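Input: a single structure, listed below in structure tokens.
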4 protein chains.
Amino acid sequence: MAKEKTLKQQLYTIIFEAETPAGKLFDVLLLFFITASVTVVSLESVVTLRREHLHLFLGLEWGFTILFTIEYLLRIYSSPKPLKYIFSFFGLVDLLSIIPSYLSLFILGSQYLLVVRVLRLLRIARIFKLTQFINEGQVLSNALKASFAKITVFLGTVILLVVIIGSAMYVIEGTASGFTSIPTSIYWTIVTLTTVGYGDIAPQTALGQILASFVMIMGYGIIAVPTGIVTVEMSKSDKKMVPTRVCPNCHQEGHPVGAHFCYNCGYAFEYTVD
Amino acid sequence: MAKEKTLKQQLYTIIFEAETPAGKLFDVLLLFFITASVTVVSLESVVTLRREHLHLFLGLEWGFTILFTIEYLLRIYSSPKPLKYIFSFFGLVDLLSIIPSYLSLFILGSQYLLVVRVLRLLRIARIFKLTQFINEGQVLSNALKASFAKITVFLGTVILLVVIIGSAMYVIEGTASGFTSIPTSIYWTIVTLTTVGYGDIAPQTALGQILASFVMIMGYGIIAVPTGIVTVEMSKSDKKMVPTRVCPNCHQEGHPVGAHFCYNCGYAFEYTVD
Amino acid sequence: MAKEKTLKQQLYTIIFEAETPAGKLFDVLLLFFITASVTVVSLESVVTLRREHLHLFLGLEWGFTILFTIEYLLRIYSSPKPLKYIFSFFGLVDLLSIIPSYLSLFILGSQYLLVVRVLRLLRIARIFKLTQFINEGQVLSNALKASFAKITVFLGTVILLVVIIGSAMYVIEGTASGFTSIPTSIYWTIVTLTTVGYGDIAPQTALGQILASFVMIMGYGIIAVPTGIVTVEMSKSDKKMVPTRVCPNCHQEGHPVGAHFCYNCGYAFEYTVD
Amino acid sequence: MAKEKTLKQQLYTIIFEAETPAGKLFDVLLLFFITASVTVVSLESVVTLRREHLHLFLGLEWGFTILFTIEYLLRIYSSPKPLKYIFSFFGLVDLLSIIPSYLSLFILGSQYLLVVRVLRLLRIARIFKLTQFINEGQVLSNALKASFAKITVFLGTVILLVVIIGSAMYVIEGTASGFTSIPTSIYWTIVTLTTVGYGDIAPQTALGQILASFVMIMGYGIIAVPTGIVTVEMSKSDKKMVPTRVCPNCHQEGHPVGAHFCYNCGYAFEYTVD
């Protein structure tokens with residue numbers, strides 16, 4: 001009984017953590033198999049390749065499915081709280097990664113269902129979470145969270161502009177130039193404002209081209225706004241990493257390193273941090 | 001009489017403000033109806049949908065029009081100064097939102113007039129104004145106002161470049177490659193400089209492609225200028241929001257607003273800044 | 001004699017400066033005529049318009065030419081050193097603005113020569129120089145000058161990449177996909193790296209599309225480099241505008257506003273700037 | 001013997017260094033010949049030019065090859081450790097620059113092998129390394145190195161998004177709209193997210209266009225992330241170049257390096273930092 005418990009704990013350390021050599025090896029292998037399996041799913045969708053190597057693809061796919069199924073069962077087994085794991089975000093992603101292959105046995109023509117298997121990629125996010133990249137990701141996501149309200153205002157304004165300009169282009173250009181409806185015109189405005197510019201729809205009239213020029217210059221310019229927002233937030237998020245000093249008397253935080261007195265209680269610091 | 005006055009005031013609080021639960025509910029409902037109505041206007045412009053669901057669209061549209069008309073009348077009624085409201089920016093937008101539907105009864109073939117109804121979206125800006133996003137919008141618009149002069153110089157230079165390069169491309173490429181006139185060539189230059197790149201017009205001669213390459217690299221590079229301008233202004237606009245305090249004894253800067261003692265010389269501040 | 005001298009000086013103040021009301025009016029009129037004349041040159045290049053309104057265009061063009069010729073002669077007359085003006089940059093631009101019209105009398109079919117008249121736009125740069133925008137332009141051009149060496153390194157690296165990747169695409173895709181020669185392939189690489197993306201040439205092979213994806217992501221990412229360079233320089237150029245204090249004893253510059261002593265000679269400042 | 005040693009050393013100074021006038025001249029000539037030779041390789045790939053000027057191209061190419069061969073042999077001769085040079089990065093690049101021409105004598109139809117000669121461009125990097133641009137390049141590459149971990153997280157997230165969205169577009173649009181396989185759909189997603197937008201493949205269904213709009217706005221917005229990262233790192237990398245001094249008496253920061261007195265308390269610094 002004590003031995004089984006130890007085995008469970010050992011499995012947990014290998015599968016869910018990344019500190020031990022075995023845990024790191026497991027992560028590297030998992031990363032390899034996920035990438036390989038998604039590559040196989042992608043290549044399988046190419047008609048000429050599927051026709052020629054049907055059996056190879058089937059073999060590889062069932063190999064991956066069986067591997068991931070064993071891994072899924074081991075995860076359930078080694079979890080201290082199996083139910084919590086099963087209904088967690090990553091637990092559901094793990095299940096979604098294997099279930100389409102089994103369903104394809106029962107449901108014919110479920111070709112599009114198999115695409116769900118690319119969601120296996122999301123499992124890589126778990127490996128990222130365990131590694132040294134976590135701090136960098138933290139700085140990035142903090143900056144994006146802090147920018148959220150400003151970016152919402154910005155996106156709201158952009159959507160407003162896009163709908164109004166799209167409607168105006170519908171009136172100006174009309175169906176002859178490909179602006180067949182307001183939704184299509186809004187789509188064109190987004191394509192133009194974001195400087196993607198497919199060219200499948202393009203204004204033909206002089207007035208339409210003038211308005212289009214205005215949209216392009218605007219789109220070219222307002223990219224500065226989200227960039228400015230994120231840069232400022234990232235700069236602040238980055239500075240917070242600069243060490244500050246805590247008062248040993250009143251525990252007030254945020255003194256500059258060269259401070260001599262606590263600015264809250266006036267306590268004289270005994271030494272100066274370098 | 002006193003009761004009617006109270007009713008007016010209550011209506012004003014609900015319709016024009018957002019502090020009370022009723023006012024918030026009103027704003028959420030209005031946001032929903034504006035979005036729904038603009039979606040209906042958009043979908044109505046799709047020929048296949050209009051043909052199939054003509055009566056549904058007509059019904060929905062008149063429903064929205066009647067709702068917004070009632071809201072408009074209530075706004076006039078509850079305003080302390082009705083005329084001031086009617087001729088205010090948002091008062092005119094409110095009127096523009098309902099008038100095209102009524103005009104369509106008298107004027108036949110006013111299909112394009114109906115597009116004016118998408119201006120209803122501008123009414124969402126009023127709701128935004130009442131909410132927590134106002135501060136974020138303030139930071140953004142302050143930064144853009146402060147950048148105005150610099151951005152004017154930048155835009156002026158860009159327009160100068162675009163006209164001169166456009167004229168040069170007209171001479172180099174000529175009408176055979178689609179550069180049929182100077183305005184068309186200027187349009188192509190804007191399409192290229194802003195990295196939109198439709199591809200409806202593209203240079204064919206070696207010299208034209210060399211000049212085009214130059215325009216692209218320039219366009220790719222000078223996007224840095226407005227971005228730099230806005231980032232610097234946004235950084236300043238952001239810092240102004242965090243006031244700090246200077247020690248009146250040793251003039252050390254950078255104390256938090258709530259500080260009681262100077263962290264440099266230990267001087268006790270006589271009052272606390274709010 | 002004294003009167004003539006005064007007239008000359010008065011003309012100089014009106015034509016070359018912008019401080020007096022007459023000088024400002026002159027600048028506004030000049031701005032209007034330059035813009036109008038360039039608009040006429042542009043519209044004249046549209047074949048349908050030229051055919052219909054030939055006499056109108058000719059009349060307007062000769063009107064502008066005579067106006068600018070009078071202005072040019074007045075500039076020569078009122079200059080204290082006429083030769084210096086004639087051979088200055090703006091003097092040559094002024095001459096280039098009028099000479100194509102006169103040449104068209106003698107040389108037949110000089111249609112493309114007339115395009116030179118859009119260089120009139122450069123004359124607007126002179127008006128800009130006289131106005132309040134000069135400071136803003138200064139900040140911008142200082143920042144760009146300071147970034148010059150860094151941007152040269154960046155552009156050099158980009159050109160290196162573009163030539164090597166372009167040659168690789170020529171080998172990979174070959175002439176069948178439109179990559180007919182190395183110069184054409186380099187042109188395609190610039191179109192892709194700068195995210196312009198005309199779509200007139202696009203890779204067809206799997207390997208070509210993988211390399212193209214790599215180029216796109218790289219182009220998408222390295223735009224960050226010039227932006228970062230310009231933002232940092234602009235931030236420094238902007239900070240230099242923050243007022244600093246000069247020591248009245250040794251004239252050392254650059255003291256913070258709250259300084260009590262000169263950091264160079266130790267001189268005690270008598271008062272503290274707010 | 002002593003003379004030969006001096007000749008070797010003189011050659012080393014001229015060929016490998018750039019401090020002496022002869023060394024600078026050598027670098028300028030090398031830069032010219034490399035640029036000229038790569039230009040010839042490029043133009044030779046244009047079919048019409050190759051047909052007309054075959055002998056000119058052959059002559060020029062053999063001229064460059066002989067020149068670079070002599071230079072290569074002199075580099076080996078003058079190196080203190082010839083083997084170390086031969087197997088260094090630049091030694092291999094130097095060899096790669098000349099070997100394709102000699103191979104073309106023995107192998108017929110090695111047209112694509114000749115493209116390898118554009119790698120001669122990499123030799124320019126060596127000249128850059130010797131010049132004043134080295135500091136600027138240092139600031140840039142430091143900033144990029146410091147951003148590496150953050151940019152890896154960012155690129156990882158982008159690749160994840162691109163694969164999942166590409167697969168979704170394959171399901172939504174299907175082969176009729178040109179989304180013939182998952183790799184092709186991923187290629188389209190990269191083309192759209194990076195705002196390149198060729199337009200060779202474009203979504204046709206309403207749902208596909210909505211998802212495409214989402215991808216475009218996302219691509220337009222997340223460009224802010226690498227820009228923010230690089231700007232912040234560049235700002236830090238730049239600041240490290242400007243050391244400041246702290247007063248040992250009152251700990252006031254921010255004195256210029258050449259300061260003699262503290263500007264806050266007037267304390268005389270005992271020594272001056274270089």
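Residue numbers start at 1 in each chain; chains themselves are named A, B, ... in the order of the structure tokens; ligands are numbered from 1 in the order shown.
Within 8 Å of region 75-86 of chain C, once only C-alpha atoms are used and residues closer than 5 positions along the same chain are dropped, the contacting residues are Lys8, Gln9, Leu11, Tyr12, Ile15, Phe16, Gly91 and Leu92 of chain C.
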Restricting it to all heavy atoms, dump the selection as a CSV table (one decimal), in the first residue's frame.
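Listed below is the output, result_8.csv:
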```csv
chain,number,residue,atom,x,y,z
C,8,LYS,N,11.9,97.7,-51.2
C,8,LYS,CA,12.6,96.4,-51.3
C,8,LYS,C,12.5,95.7,-49.9
C,8,LYS,O,12.2,94.5,-49.9
C,8,LYS,CB,14.1,96.7,-51.6
C,8,LYS,CG,14.6,96.1,-52.8
C,8,LYS,CD,16.1,96.4,-53.0
C,8,LYS,CE,16.8,95.3,-53.8
C,8,LYS,NZ,18.2,95.7,-54.1
C,9,GLN,N,12.8,96.5,-48.9
C,9,GLN,CA,12.8,95.9,-47.5
C,9,GLN,C,11.4,95.4,-47.2
C,9,GLN,O,11.2,94.3,-46.6
C,9,GLN,CB,13.3,96.8,-46.5
C,9,GLN,CG,14.8,97.0,-46.5
C,9,GLN,CD,15.3,98.0,-45.5
C,9,GLN,OE1,14.5,98.9,-45.1
C,9,GLN,NE2,16.5,97.9,-45.0
C,11,LEU,N,9.0,94.5,-49.3
C,11,LEU,CA,8.8,93.3,-50.1
C,11,LEU,C,9.4,92.1,-49.4
C,11,LEU,O,8.8,91.0,-49.3
C,11,LEU,CB,9.3,93.5,-51.5
C,11,LEU,CG,8.3,94.2,-52.5
C,11,LEU,CD1,9.1,94.5,-53.8
C,11,LEU,CD2,7.2,93.2,-52.7
C,12,TYR,N,10.7,92.3,-49.0
C,12,TYR,CA,11.4,91.2,-48.4
C,12,TYR,C,10.6,90.7,-47.2
C,12,TYR,O,10.5,89.5,-47.0
C,12,TYR,CB,12.8,91.7,-48.0
C,12,TYR,CG,13.6,90.5,-47.4
C,12,TYR,CD1,14.3,89.7,-48.3
C,12,TYR,CD2,13.7,90.3,-46.0
C,12,TYR,CE1,15.1,88.7,-47.8
C,12,TYR,CE2,14.4,89.3,-45.5
C,12,TYR,CZ,15.1,88.4,-46.4
C,12,TYR,OH,15.9,87.4,-45.9
C,15,ILE,N,7.5,88.8,-48.5
C,15,ILE,CA,7.7,87.6,-49.2
C,15,ILE,C,8.5,86.5,-48.5
C,15,ILE,O,8.2,85.4,-48.5
C,15,ILE,CB,8.4,87.9,-50.6
C,15,ILE,CG1,7.5,88.8,-51.4
C,15,ILE,CG2,8.8,86.6,-51.3
C,15,ILE,CD1,8.1,89.2,-52.7
C,16,PHE,N,9.6,87.0,-47.8
C,16,PHE,CA,10.5,86.0,-47.2
C,16,PHE,C,10.2,85.7,-45.7
C,16,PHE,O,10.7,84.8,-45.1
C,16,PHE,CB,11.9,86.4,-47.3
C,16,PHE,CG,12.5,86.2,-48.7
C,16,PHE,CD1,12.5,87.2,-49.7
C,16,PHE,CD2,13.0,85.0,-49.0
C,16,PHE,CE1,13.0,87.0,-50.9
C,16,PHE,CE2,13.6,84.7,-50.3
C,16,PHE,CZ,13.5,85.7,-51.2
C,91,GLY,N,15.5,78.6,-54.3
C,91,GLY,CA,15.6,79.4,-55.5
C,91,GLY,C,15.5,78.5,-56.8
C,91,GLY,O,14.8,78.8,-57.7
C,92,LEU,N,16.2,77.4,-56.7
C,92,LEU,CA,16.2,76.4,-57.9
C,92,LEU,C,14.8,75.8,-58.0
C,92,LEU,O,14.3,75.6,-59.1
C,92,LEU,CB,17.3,75.4,-57.7
C,92,LEU,CG,18.7,75.9,-57.9
C,92,LEU,CD1,19.7,74.9,-57.5
C,92,LEU,CD2,18.9,76.4,-59.3
```
* Determine which residues of region 44-200 of chain D DSSP labels as helix (DSSP H, G or I) from the backbone of this structure, then write them out as number ranges by chain. => D: 44, 47-52, 54-78, 82-86, 89-106, 113-130, 133-173, 175-177, 182-193
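A straight line drawn from CA of Leu160 (chain A) to CA of Ile98 (chain B) is 18.6 Å long.
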Chain D residues near chain A (6 Å cut-off, only C-alpha atoms) as a PDB file with N, CA, C and O atoms, in the first residue's frame:
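Contents of selection_10.pdb, as written:
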```pdb
ATOM      1  N   LYS D 150      11.328  36.667 -24.182  1.00  0.00           N
ATOM      2  CA  LYS D 150       9.971  37.218 -24.353  1.00  0.00           C
ATOM      3  C   LYS D 150       9.480  36.994 -25.771  1.00  0.00           C
ATOM      4  O   LYS D 150       8.327  36.665 -25.989  1.00  0.00           O
ATOM      5  N   SER D 181      -5.893  22.338 -48.079  1.00  0.00           N
ATOM      6  CA  SER D 181      -5.365  21.453 -47.043  1.00  0.00           C
ATOM      7  C   SER D 181      -5.024  22.284 -45.812  1.00  0.00           C
ATOM      8  O   SER D 181      -5.012  23.513 -45.873  1.00  0.00           O
ATOM      9  N   ILE D 182      -4.722  21.618 -44.709  1.00  0.00           N
ATOM     10  CA  ILE D 182      -4.371  22.361 -43.495  1.00  0.00           C
ATOM     11  C   ILE D 182      -3.079  23.162 -43.700  1.00  0.00           C
ATOM     12  O   ILE D 182      -3.048  24.346 -43.352  1.00  0.00           O
ATOM     13  N   PRO D 183      -2.005  22.597 -44.281  1.00  0.00           N
ATOM     14  CA  PRO D 183      -0.813  23.440 -44.496  1.00  0.00           C
ATOM     15  C   PRO D 183      -1.114  24.692 -45.320  1.00  0.00           C
ATOM     16  O   PRO D 183      -0.638  25.776 -44.994  1.00  0.00           O
ATOM     17  N   THR D 195      -0.439  40.706 -41.991  1.00  0.00           N
ATOM     18  CA  THR D 195      -0.969  41.797 -42.824  1.00  0.00           C
ATOM     19  C   THR D 195      -0.303  41.872 -44.200  1.00  0.00           C
ATOM     20  O   THR D 195      -0.320  42.934 -44.813  1.00  0.00           O
ATOM     21  N   VAL D 196       0.260  40.744 -44.680  1.00  0.00           N
ATOM     22  CA  VAL D 196       0.815  40.746 -46.040  1.00  0.00           C
ATOM     23  C   VAL D 196      -0.333  40.730 -47.063  1.00  0.00           C
ATOM     24  O   VAL D 196      -0.411  41.592 -47.929  1.00  0.00           O
ATOM     25  N   GLY D 197      -1.228  39.744 -46.944  1.00  0.00           N
ATOM     26  CA  GLY D 197      -2.445  39.739 -47.767  1.00  0.00           C
ATOM     27  C   GLY D 197      -2.221  39.651 -49.247  1.00  0.00           C
ATOM     28  O   GLY D 197      -2.519  40.607 -49.964  1.00  0.00           O
ATOM     29  N   TYR D 198      -1.711  38.497 -49.762  1.00  0.00           N
ATOM     30  CA  TYR D 198      -1.510  38.369 -51.210  1.00  0.00           C
ATOM     31  C   TYR D 198      -2.834  38.457 -51.962  1.00  0.00           C
ATOM     32  O   TYR D 198      -2.927  39.094 -52.992  1.00  0.00           O
ATOM     33  N   GLY D 199      -3.849  37.764 -51.441  1.00  0.00           N
ATOM     34  CA  GLY D 199      -5.117  37.742 -52.150  1.00  0.00           C
ATOM     35  C   GLY D 199      -5.247  36.566 -53.097  1.00  0.00           C
ATOM     36  O   GLY D 199      -6.243  36.452 -53.798  1.00  0.00           O
ATOM     37  N   TYR D 220      -3.190  42.975 -36.573  1.00  0.00           N
ATOM     38  CA  TYR D 220      -2.957  44.415 -36.525  1.00  0.00           C
ATOM     39  C   TYR D 220      -2.576  44.833 -35.109  1.00  0.00           C
ATOM     40  O   TYR D 220      -1.720  45.695 -34.914  1.00  0.00           O
ATOM     41  N   ALA D 224       1.932  45.122 -31.745  1.00  0.00           N
ATOM     42  CA  ALA D 224       2.324  45.986 -30.629  1.00  0.00           C
ATOM     43  C   ALA D 224       3.208  45.244 -29.634  1.00  0.00           C
ATOM     44  O   ALA D 224       4.058  45.860 -28.981  1.00  0.00           O
ATOM     45  N   GLY D 228       6.693  46.611 -28.390  1.00  0.00           N
ATOM     46  CA  GLY D 228       6.829  46.999 -26.985  1.00  0.00           C
ATOM     47  C   GLY D 228       8.041  46.353 -26.347  1.00  0.00           C
ATOM     48  O   GLY D 228       8.832  47.018 -25.666  1.00  0.00           O
ATOM     49  N   VAL D 232      11.297  48.579 -25.026  1.00  0.00           N
ATOM     50  CA  VAL D 232      11.684  48.610 -23.611  1.00  0.00           C
ATOM     51  C   VAL D 232      13.133  48.154 -23.451  1.00  0.00           C
ATOM     52  O   VAL D 232      13.922  48.792 -22.741  1.00  0.00           O
TER      53      VAL D 232
END
```
* Work out how far apart CA of Ser177 (chain D) and CA of Gln204 (chain D) are and give it in Å to one decimal. =>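 Between these atoms lies a distance of 6.2 Å.
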* Asked: Which distance in Å separates CA of Thr180 (chain B) and CA of Leu54 (chain C), to one decimal?
  ->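 Going from CA of Thr180 (chain B) over to CA of Leu54 (chain C) covers 17.5 Å.
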* Asked: Which is closest to Tyr170 (chain D) among A:Ile217, A:Ile127, A:Ala18, A:Leu114, if we use only C-alpha atoms?
  ->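 Among the listed residues, A:Leu114 lies closest to Tyr170 (chain D).
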